[in-house]
>>> print(open('protein.tsv').read())   # TSV, C-alpha atoms
chain	number	residue	atom	x	y	z
A	1	MET	CA	8.71	13.94	3.31
A	2	ASP	CA	11.17	11.86	5.29
A	3	GLU	CA	14.78	12.53	4.17
A	4	THR	CA	15.38	8.79	3.72
A	5	ILE	CA	12.52	8.54	1.27
A	6	ALA	CA	13.53	11.72	-0.54
A	7	GLY	CA	17.12	10.58	-0.87
A	8	ALA	CA	16.33	7.05	-1.95
A	9	HIS	CA	13.68	8.09	-4.47
A	10	ALA	CA	14.84	11.35	-5.95
A	11	VAL	CA	14.42	9.98	-9.47
A	12	GLN	CA	10.84	10.51	-10.61
A	13	THR	CA	9.33	9.66	-13.97
A	14	ALA	CA	7.94	12.17	-16.41
A	15	GLY	CA	4.22	12.66	-16.14
A	16	GLN	CA	4.17	12.17	-12.39
A	17	ILE	CA	0.88	12.93	-10.72
A	18	PRO	CA	1.67	15.88	-8.43
A	19	PRO	CA	1.27	15.55	-4.65
A	20	GLN	CA	-2.27	16.18	-3.51
A	21	ARG	CA	-1.61	18.47	-0.55
A	22	GLY	CA	-4.59	19.01	1.72
A	23	GLU	CA	-6.64	16.40	-0.13
A	24	THR	CA	-9.46	14.86	1.91
A	25	SER	CA	-10.05	11.11	2.22
A	26	LEU	CA	-13.13	11.52	0.02
A	27	GLN	CA	-11.14	13.26	-2.73
A	28	THR	CA	-8.39	10.67	-2.48
A	29	ALA	CA	-10.78	7.71	-2.72
A	30	VAL	CA	-12.59	9.23	-5.70
A	31	ARG	CA	-9.28	9.93	-7.45
A	32	TYR	CA	-7.95	6.39	-6.91
A	33	ALA	CA	-11.18	4.93	-8.31
A	34	GLY	CA	-11.43	7.38	-11.19
A	35	GLU	CA	-7.81	7.78	-12.27
A	36	ARG	CA	-6.34	4.38	-11.41
A	37	HIS	CA	-9.47	2.22	-11.62
A	38	TRP	CA	-8.66	0.76	-8.21
A	39	ASP	CA	-11.40	-0.59	-5.97
A	40	VAL	CA	-11.60	1.40	-2.74
A	41	VAL	CA	-13.30	0.70	0.56
A	42	PRO	CA	-13.75	2.96	3.62
A	43	GLY	CA	-12.12	1.72	6.80
A	44	THR	CA	-12.11	2.88	10.40
A	45	TRP	CA	-11.25	6.44	11.40
A	46	LEU	CA	-9.69	8.33	14.27
A	47	VAL	CA	-11.90	9.74	17.01
A	48	SER	CA	-10.58	12.57	19.19
A	49	ASP	CA	-11.11	12.10	22.91
A	50	GLY	CA	-9.60	15.24	24.36
A	51	ALA	CA	-5.87	15.09	23.66
A	52	VAL	CA	-6.08	11.38	22.77
A	53	GLN	CA	-6.99	9.91	19.42
A	54	ARG	CA	-8.58	6.46	19.42
A	55	CYS	CA	-9.83	4.11	16.75
A	56	SER	CA	-13.50	4.20	15.82
A	57	CYS	CA	-13.59	0.41	16.34
A	58	GLY	CA	-13.63	1.06	20.09
A	59	ASP	CA	-10.68	-1.19	20.92
A	60	PRO	CA	-8.47	0.80	23.36
A	61	VAL	CA	-5.40	-1.20	22.27
A	62	CYS	CA	-6.17	-1.31	18.53
A	63	ALA	CA	-3.03	-2.36	16.64
A	64	ALA	CA	-3.86	-0.17	13.63
A	65	PRO	CA	-5.97	2.73	14.91
A	66	GLY	CA	-7.89	4.34	12.09
A	67	ALA	CA	-6.34	2.06	9.48
A	68	HIS	CA	-8.25	-1.21	9.17
A	69	PRO	CA	-11.64	-2.41	7.89
A	70	ALA	CA	-14.66	-1.04	9.73
A	71	ARG	CA	-16.83	-4.10	9.15
A	72	GLU	CA	-16.38	-7.83	8.58
A	73	ASP	CA	-17.95	-7.75	5.12
A	74	TRP	CA	-15.68	-4.92	4.00
A	75	ALA	CA	-14.71	-6.70	0.77
A	76	THR	CA	-18.30	-6.66	-0.46
A	77	THR	CA	-18.54	-2.88	-0.07
A	78	ALA	CA	-15.44	-2.15	-2.16
A	79	THR	CA	-16.14	-0.18	-5.31
A	80	GLY	CA	-14.35	0.99	-8.42
A	81	SER	CA	-16.99	3.62	-9.14
A	82	PRO	CA	-16.01	7.22	-8.32
A	83	THR	CA	-19.71	8.03	-7.82
A	84	VAL	CA	-20.22	5.24	-5.29
A	85	ALA	CA	-16.91	6.06	-3.58
A	86	ARG	CA	-18.04	9.65	-3.16
A	87	ARG	CA	-21.28	8.48	-1.57
A	88	LEU	CA	-19.48	6.10	0.81
A	89	TRP	CA	-17.08	8.76	2.08
A	90	GLN	CA	-19.78	11.40	2.30
A	91	ALA	CA	-21.41	9.09	4.85
A	92	GLN	CA	-18.18	9.07	6.89
A	93	PRO	CA	-15.68	11.68	5.62
A	94	ALA	CA	-12.98	10.71	8.13
A	95	ALA	CA	-12.87	7.04	7.07
A	96	SER	CA	-9.49	5.67	6.06
A	97	VAL	CA	-8.86	4.59	2.47
A	98	LEU	CA	-8.25	0.88	1.92
A	99	LEU	CA	-7.36	-0.74	-1.41
A	100	PRO	CA	-8.38	-4.42	-1.71
A	101	THR	CA	-5.69	-6.62	-3.24
A	102	GLY	CA	-6.35	-9.53	-5.58
A	103	ARG	CA	-8.31	-7.29	-7.95
A	104	ALA	CA	-6.48	-4.61	-9.94
A	105	PHE	CA	-3.22	-5.51	-8.22
A	106	ASP	CA	-1.50	-7.65	-5.60
A	107	ALA	CA	1.25	-6.37	-3.32
A	108	LEU	CA	4.58	-7.74	-2.12
A	109	CYS	CA	5.08	-6.67	1.50
A	110	VAL	CA	8.54	-6.46	3.09
A	111	PRO	CA	10.27	-4.67	5.99
A	112	GLU	CA	11.18	-1.05	5.29
A	113	THR	CA	14.95	-1.60	5.34
A	114	ALA	CA	14.74	-4.49	2.89
A	115	GLY	CA	12.32	-2.52	0.74
A	116	PHE	CA	14.64	0.44	0.32
A	117	LEU	CA	17.58	-1.86	-0.42
A	118	ALA	CA	15.60	-3.71	-3.08
A	119	LEU	CA	14.15	-0.50	-4.51
A	120	ALA	CA	17.61	1.01	-5.00
A	121	ARG	CA	18.79	-2.17	-6.74
A	122	LEU	CA	15.71	-2.36	-8.97
A	123	GLU	CA	16.10	1.29	-9.98
A	124	ARG	CA	19.78	0.73	-10.87
A	125	MET	CA	18.67	-2.20	-13.04
A	126	ARG	CA	16.01	0.04	-14.63
A	127	THR	CA	13.32	-2.47	-13.72
A	128	ALA	CA	9.81	-1.24	-14.43
A	129	LEU	CA	8.12	-0.59	-11.10
A	130	GLY	CA	4.59	0.12	-9.98
A	131	PRO	CA	3.54	2.25	-7.01
A	132	VAL	CA	5.13	1.46	-3.62
A	133	THR	CA	3.74	2.44	-0.22
A	134	LEU	CA	5.58	2.99	3.05
A	135	THR	CA	3.63	2.61	6.29
A	136	PRO	CA	4.33	3.90	9.82
A	137	LEU	CA	4.65	0.22	10.80
A	138	ARG	CA	7.91	0.24	8.82
A	139	ARG	CA	6.58	-1.96	6.04
A	140	MET	CA	6.68	-1.39	2.27
A	141	GLN	CA	4.23	-2.74	-0.30
A	142	PHE	CA	5.22	-3.09	-3.95
A	143	PHE	CA	2.21	-3.14	-6.30
A	144	VAL	CA	2.37	-5.97	-8.86
A	145	LEU	CA	0.02	-7.80	-11.19
A	146	PRO	CA	-2.69	-9.96	-9.58
A	147	GLY	CA	-1.91	-13.65	-9.01
A	148	THR	CA	1.23	-13.08	-6.97
A	149	SER	CA	0.07	-15.07	-3.95
A	150	ALA	CA	0.00	-18.25	-6.00
A	151	LYS	CA	3.39	-17.58	-7.62
A	152	LEU	CA	5.47	-16.51	-4.62
A	153	PRO	CA	6.17	-19.92	-2.97
A	154	LYS	CA	7.31	-21.52	-6.24
A	155	VAL	CA	9.52	-18.58	-7.21
A	156	LEU	CA	11.17	-18.51	-3.78
A	157	ARG	CA	11.89	-22.25	-3.93
A	158	THR	CA	13.41	-21.80	-7.39
A	159	LEU	CA	15.68	-19.11	-5.94
A	160	GLY	CA	16.74	-21.44	-3.10
A	161	TRP	CA	14.64	-20.10	-0.20
A	162	SER	CA	11.78	-21.77	1.60
A	163	PRO	CA	8.65	-19.58	1.58
A	164	GLY	CA	8.59	-19.23	5.37
A	165	SER	CA	12.25	-18.31	5.75
A	166	LEU	CA	11.93	-14.69	4.60
A	167	ASP	CA	9.79	-11.78	5.77
A	168	LEU	CA	8.30	-11.47	2.30
A	169	VAL	CA	4.52	-11.68	2.09
A	170	ALA	CA	2.17	-11.56	-0.88
A	171	LEU	CA	-1.12	-9.72	-0.36
A	172	GLY	CA	-3.78	-11.07	-2.69
A	173	GLU	CA	-7.47	-11.91	-2.59
A	174	GLY	CA	-9.02	-11.19	0.81
A	175	ALA	CA	-6.30	-8.74	1.87
A	176	TYR	CA	-5.82	-5.00	1.44
A	177	VAL	CA	-3.31	-2.18	1.35
A	178	VAL	CA	-3.80	0.90	3.53
A	179	ALA	CA	-3.52	3.81	1.11
A	180	PRO	CA	-1.92	7.24	1.57
A	181	PRO	CA	-2.72	9.57	3.24
A	182	THR	CA	-4.37	7.34	5.89
A	183	ARG	CA	-2.96	7.79	9.39
A	184	TYR	CA	-2.12	5.05	11.91
A	185	GLY	CA	-3.13	6.91	15.06
A	186	THR	CA	-0.17	8.92	16.37
A	187	ARG	CA	2.37	6.85	14.44
A	188	GLY	CA	2.02	8.90	11.29
A	189	ALA	CA	0.58	8.59	7.81
A	190	VAL	CA	1.08	6.10	5.03
A	191	GLN	CA	3.23	7.61	2.27
A	192	TRP	CA	4.10	6.83	-1.32
A	193	ALA	CA	7.70	5.70	-1.68
A	194	ARG	CA	6.89	5.63	-5.40
A	195	ARG	CA	3.64	7.42	-6.12
A	196	PRO	CA	1.19	6.44	-8.87
A	197	THR	CA	2.10	8.08	-12.16
A	198	SER	CA	1.04	7.90	-15.77
A	199	ALA	CA	4.28	6.00	-16.41
A	200	ASN	CA	3.64	3.21	-13.90
A	201	ARG	CA	0.00	2.54	-14.71
A	202	TRP	CA	1.03	-0.85	-16.11
A	203	LEU	CA	2.24	-2.99	-13.23
A	204	PRO	CA	5.20	-5.39	-13.28
A	205	ASP	CA	4.90	-9.13	-12.91
A	206	ALA	CA	5.91	-10.27	-9.42
A	207	GLU	CA	8.66	-12.49	-10.84
A	208	GLU	CA	10.51	-9.36	-11.96
A	209	LEU	CA	10.71	-8.08	-8.37
A	210	ILE	CA	10.85	-11.18	-6.17
A	211	PRO	CA	14.60	-11.93	-6.65
A	212	ALA	CA	15.65	-8.44	-5.50
A	213	LEU	CA	13.14	-8.41	-2.65
A	214	ALA	CA	14.10	-11.90	-1.48
A	215	TYR	CA	17.81	-11.05	-1.54
A	216	ALA	CA	17.19	-7.87	0.44
A	217	CYS	CA	15.06	-9.72	3.00
A	218	ALA	CA	17.74	-12.38	3.39
A	219	ARG	CA	20.36	-9.69	4.10
A	220	GLU	CA	18.16	-8.19	6.81
A	221	ARG	CA	17.63	-11.45	8.72
>>> encode(input="protein.tsv", output="structure tokens")
Amino acid sequence: MDETIAGAHAVQTAGQIPPQRGETSLQTAVRYAGERHWDVVPGTWLVSDGAVQRCSCGDPVCAAPGAHPAREDWATTATGSPTVARRLWQAQPAASVLLPTGRAFDALCVPETAGFLALARLERMRTALGPVTLTPLRRMQFFVLPGTSAKLPKVLRTLGWSPGSLDLVALGEGAYVVAPPTRYGTRGAVQWARRPTSANRWLPDAEELIPALAYACARER
């Protein structure tokens, strides 16, 4: 794991789900559906062309190779059933793992530097946190209760910021989070900055996190 992540997140809760080393996308998808009751959907995958890896979508300049929906109606194929998830990934074992937002959770998405700053502050304040992902695109997603998209503009205005002034985005219905251990081409894999545990099964309300995230985003402008 990256030293920055290890240093910033050395504190782990009791009952942590251990790292799943060598786990396949199929096993990961089934575990997310079975253990966390998250809907999962298979995305694109990486295709080897000699020494080059390209996205299965066929776009030679794909912005997220191997890490985006494989079809336009992807949301309708999402499932929370481990049995169905197993069948979907058996059809394409290399498919990436996508987690639709607006269902079991929403996500607050911020730049990596702001995310680590906010995460350190929230941990010092002993704020209850859910899982947090870190992508090779240098973005972090904080899992929160559904309904965040509707709340975010009002909360930001209350704090004194206009919604468009900060690089703070709510991912809700119609969006998705790319789940670990999905890879973005040669850029690397998505990681857990805070992995799912038995202790963070219950997600925080977005209002508990937005002030720290907004402050951190404002500092990084």
>>> residues_around(input="protein.tsv", residues="A:Val144", least_positions_apart="6", cutoff="12 Å", atoms="all atoms listed in the file", output="PyMOL selection string")
chain A and resi 101-109+128-132+151-152+170-172+200-210
>>> atom_distance(input="protein.tsv", atom1="atom CA of A:Val97", atom2="atom CA of A:Pro42")
5.3 Å
>>> closest_residue(input="protein.tsv", among="A:Ser96, A:Thr197, A:Thr127, A:Thr79", to="A:Arg183", atoms="all atoms listed in the file")
A:Ser96
>>> closest_residue(input="protein.tsv", among="A:Pro100, A:Pro93, A:Gly50, A:Pro181", to="A:His37", atoms="all atoms listed in the file")
A:Pro100
>>> atom_distance(input="protein.tsv", atom1="atom CA of A:Asp39", atom2="atom CA of A:Leu26")
13.6 Å
>>> closest_residue(input="protein.tsv", among="A:Leu159, A:Gly164, A:Glu173, A:Ala33", to="A:Gly147", atoms="all atoms listed in the file")
A:Glu173
>>> residues_around(input="protein.tsv", residues="A:Thr182", least_positions_apart="6", cutoff="8 Å", atoms="only C-alpha atoms", output="PDB file with C-alpha atoms, in the frame of the given file")
ATOM      1  CA  SER A  25     -10.050  11.110   2.220  1.00  0.00           C
ATOM      2  CA  GLY A  66      -7.890   4.340  12.090  1.00  0.00           C
ATOM      3  CA  ALA A  67      -6.340   2.060   9.480  1.00  0.00           C
ATOM      4  CA  SER A  96      -9.490   5.670   6.060  1.00  0.00           C
ATOM      5  CA  VAL A  97      -8.860   4.590   2.470  1.00  0.00           C
ATOM      6  CA  ALA A 189       0.580   8.590   7.810  1.00  0.00           C
ATOM      7  CA  VAL A 190       1.080   6.100   5.030  1.00  0.00           C
TER       8      VAL A 190
END
>>> residues_near_point(input="protein.tsv", point="(13.1, -5.6, -3.8)", cutoff="9 Å", atoms="only C-alpha atoms", output="ChimeraX atom specification")
/A:108,110,114-122,142,209-217
>>> closest_residue(input="protein.tsv", among="A:Thr77, A:Asp49, A:Ala95, A:Glu72", to="A:Gln27", atoms="only C-alpha atoms")
A:Ala95
>>> closest_residue(input="protein.tsv", among="A:Ala94, A:Arg139, A:Ala78, A:Trp161", to="A:Trp45", atoms="all atoms listed in the file")
A:Ala94
>>> atom_distance(input="protein.tsv", atom1="atom CA of A:Val178", atom2="atom CA of A:Gly43")
9.0 Å
>>> closest_residue(input="protein.tsv", among="A:Trp38, A:Thr186, A:Tyr32, A:Arg124", to="A:Cys55", atoms="all atoms listed in the file")
A:Thr186
>>> residues_around(input="protein.tsv", residues="A:Pro163", least_positions_apart="5", cutoff="7 Å", atoms="all atoms listed in the file", output="PDB file with C-alpha atoms, in the coordinates of the input")
ATOM      1  CA  PRO A 153       6.170 -19.920  -2.970  1.00  0.00           C
ATOM      2  CA  LEU A 156      11.170 -18.510  -3.780  1.00  0.00           C
ATOM      3  CA  ARG A 157      11.890 -22.250  -3.930  1.00  0.00           C
TER       4      ARG A 157
END
>>> residues_around(input="protein.tsv", residues="A:Gly34", least_positions_apart="3", cutoff="8 Å", atoms="all atoms listed in the file", output="list in words")
Val30, Arg31, His37, Trp38, Gly80, Ser81 and Pro82 of chain A
>>> residues_around(input="protein.tsv", residues="A:Arg54", least_positions_apart="5", cutoff="9 Å", atoms="all atoms listed in the file", output="ChimeraX atom specification")
/A:45-49,59-62,65-66,185
